[in-house]
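Colleague: My questions will all concern the structure given below.
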Amino acid sequence: MSYVKPAELAVRVLDAGESKVFVSTRDTLIRAYMAGAILALAAAFAVTITVKTGNPLVGAMLFPVGFCMLYLLGFDLLTGVFTLVPLAWLDRRRGVTFGAMLRTWGLVFVGNFAGALTTAVLMAIYFTYGFSVEPDAVGQAIGVLGEGRTLGYAEHGAAGMLTLFVRGVLCNWMVSTGVVGAMMSDSLPGKVIAMWMPIMVFFYLGFEHSVVNMFLFPSGLMLGGDFTLADYLVWNEIPTLAGNLVGGLTFVGLVIYATHARTAPDRARSGGGEPATVQTEGTGRAADVATA
């Protein structure tokens, strides 16, 4: 399936991070908005399957359909840019400044949140017939989920906060593995397989994904969950964001950068920090740039 070797993969990862900094504000917001909306729909899909089948594994096995869709359509998740953009900054790519990196993170966060919130409102209407009746079984499950993953952590104090942070770290270890894994192949089946596996792992194990939570917790508040906006921010979203940043950058981005990019004997990049054009082995095609 057109396997890309690690040294070539490292260049693709750096090029992908660099490319995101130079996307216009409008396009960054649109791409991030659609990514948040699609991932939120996938989360609603997975929760619905879990409730209706009583088997969380089935929901986890099918959840990655949303991640694959948004990736292949060229949309951006905050978890991915947390990992990719800092590597281009560390590599001193021309124009990739610390401020530009923070700008990209901020725009993607706003877009993801807006997209996830839009889906949350639409799904809340769907679950309640326009807020005219009590939520159905799936809606009630989302409300309970919001309570357990905010107040449930708060009950344990510092230990709960540590657990929440670690779940955020583990989550983006897997999600960013999926982002990078999709660059290991030039075929559609190869990309989907590489993305599917780690995304399924994170969802089944209940790790904390900041963008998925942008849907689940506002939905829970609209569907009668017994927790507050402050509970959501303090006891989920903010620590999850920190964990996602640390997990993706430490266990995926920096590992690839240190062992494949910095030590590669013949790094395929053009001079002066310009984006490289990488030729895939035996194909003569320029490497694609990751988008999720």
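Ordering of the structure tokens sets the chain letters (A, B, ...), residue numbers begin anew at 1 in every chain, and ligands are numbered from 1 in the order given.
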I want to know what sits within 10 Å of region 22-24 of chain A, based on only C-alpha atoms, with residues of the same chain fewer than 5 positions away left out; could you give that as a PyMOL selection string?

Modeller: chain A and resi 17+29-30+95-96+100+104

Colleague: Skipping near chain neighbours, those fewer than 4 positions away, what residues fall within 8 Å of Phe82 (chain A) using only C-alpha atoms, listed as a list in words?

Modeller: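 Here the answer would be Leu78, Pro86, Trp105, Asn244, Leu245, Gly248 and Leu249 of chain A.
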
Colleague: For Gln140 (chain A), which of A:Ala46, A:Ala116, A:Met174, A:Ala124 is the closest residue, counting only C-alpha atoms?

Modeller: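 That would be A:Ala124, the residue with the smallest distance to Gln140 (chain A).
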
Colleague: Leaving out region 125-135 of chain A and any residue of its chain fewer than 3 positions from it, which residues lie within 12 Å of it when counting only C-alpha atoms, given as a ChimeraX atom specification?

Modeller: /A:44,48,118-122,138-144,219-225

Colleague: Val201 (chain A): which residues within 10 Å, counting only C-alpha atoms, same-chain residues fewer than 5 positions away excluded, as a VMD selection string?

Modeller: chain A and resid 57 60 to 61 64 171 174 to 175 196 206 to 207

Colleague: When you count only C-alpha atoms, which of these residues is closest to Leu216 (chain A): A:Glu155, A:Asp186, A:Asp91, A:Glu147?

Modeller: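 Using only C-alpha atoms, the shortest distance to Leu216 (chain A) belongs to A:Glu147.
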
Colleague: CA of Ala32 (chain A) and CA of Ser210 (chain A) are how many Å apart?

Modeller: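 Computed distance, CA of Ala32 (chain A) to CA of Ser210 (chain A), equals 13.2 Å.
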
Colleague: From the set A:Ala154, A:Leu90, A:Leu117, A:Val179, which residue has the shortest atom-to-atom contact distance to Leu70 (chain A), counting only C-alpha atoms?

Modeller: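 Comparing A:Ala154, A:Leu90, A:Leu117, A:Val179 against Leu70 (chain A), the winner is A:Val179.
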
Colleague: Would you list, as JSON, numbers by chain, the residues of region 10-253 of chain A that end up in helix (DSSP H, G or I) under DSSP run on this structure's backbone?

Modeller: {"A": [10, 11, 12, 13, 14, 15, 16, 17, 18, 19, 20, 21, 25, 26, 27, 28, 29, 30, 31, 32, 33, 34, 35, 36, 37, 38, 39, 40, 41, 42, 43, 44, 45, 46, 47, 48, 49, 50, 51, 52, 53, 56, 57, 58, 59, 60, 61, 62, 64, 65, 66, 67, 68, 69, 70, 71, 72, 78, 79, 80, 81, 82, 83, 84, 85, 86, 87, 88, 89, 90, 98, 99, 100, 101, 102, 103, 104, 105, 106, 107, 108, 109, 110, 111, 112, 113, 114, 115, 116, 117, 118, 119, 120, 121, 122, 123, 124, 125, 126, 127, 128, 137, 138, 139, 140, 141, 142, 143, 144, 145, 146, 147, 148, 151, 152, 153, 154, 157, 158, 159, 160, 161, 162, 163, 164, 165, 166, 167, 168, 169, 170, 171, 172, 173, 174, 175, 176, 177, 178, 179, 180, 181, 182, 183, 184, 188, 189, 190, 191, 192, 193, 194, 195, 196, 197, 198, 199, 200, 201, 202, 203, 204, 210, 211, 212, 213, 214, 215, 216, 217, 218, 219, 220, 221, 222, 229, 230, 231, 232, 233, 234, 235, 236, 237, 238, 239, 240, 241, 242, 243, 244, 245, 246, 247, 248, 249, 250, 251, 252, 253]}

Colleague: Compare A:Val246, A:Leu72, A:Ile238, A:Leu254 by their minimum atom-to-atom distance to Ser187 (chain A), counting only C-alpha atoms, and give me the closest one.

Modeller: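 Going through A:Val246, A:Leu72, A:Ile238, A:Leu254 one by one, the smallest distance to Ser187 (chain A) is for A:Leu72.
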
Colleague: Need the shell around Asn236 (chain A): protein/DNA/RNA residues with any atom at most 12 Å away, counting only C-alpha atoms. Skip same-chain ones fewer than 6 positions apart. Format as a ChimeraX atom specification?

Modeller: /A:145-154,160-168,207-214,216-218,227-230,242-244
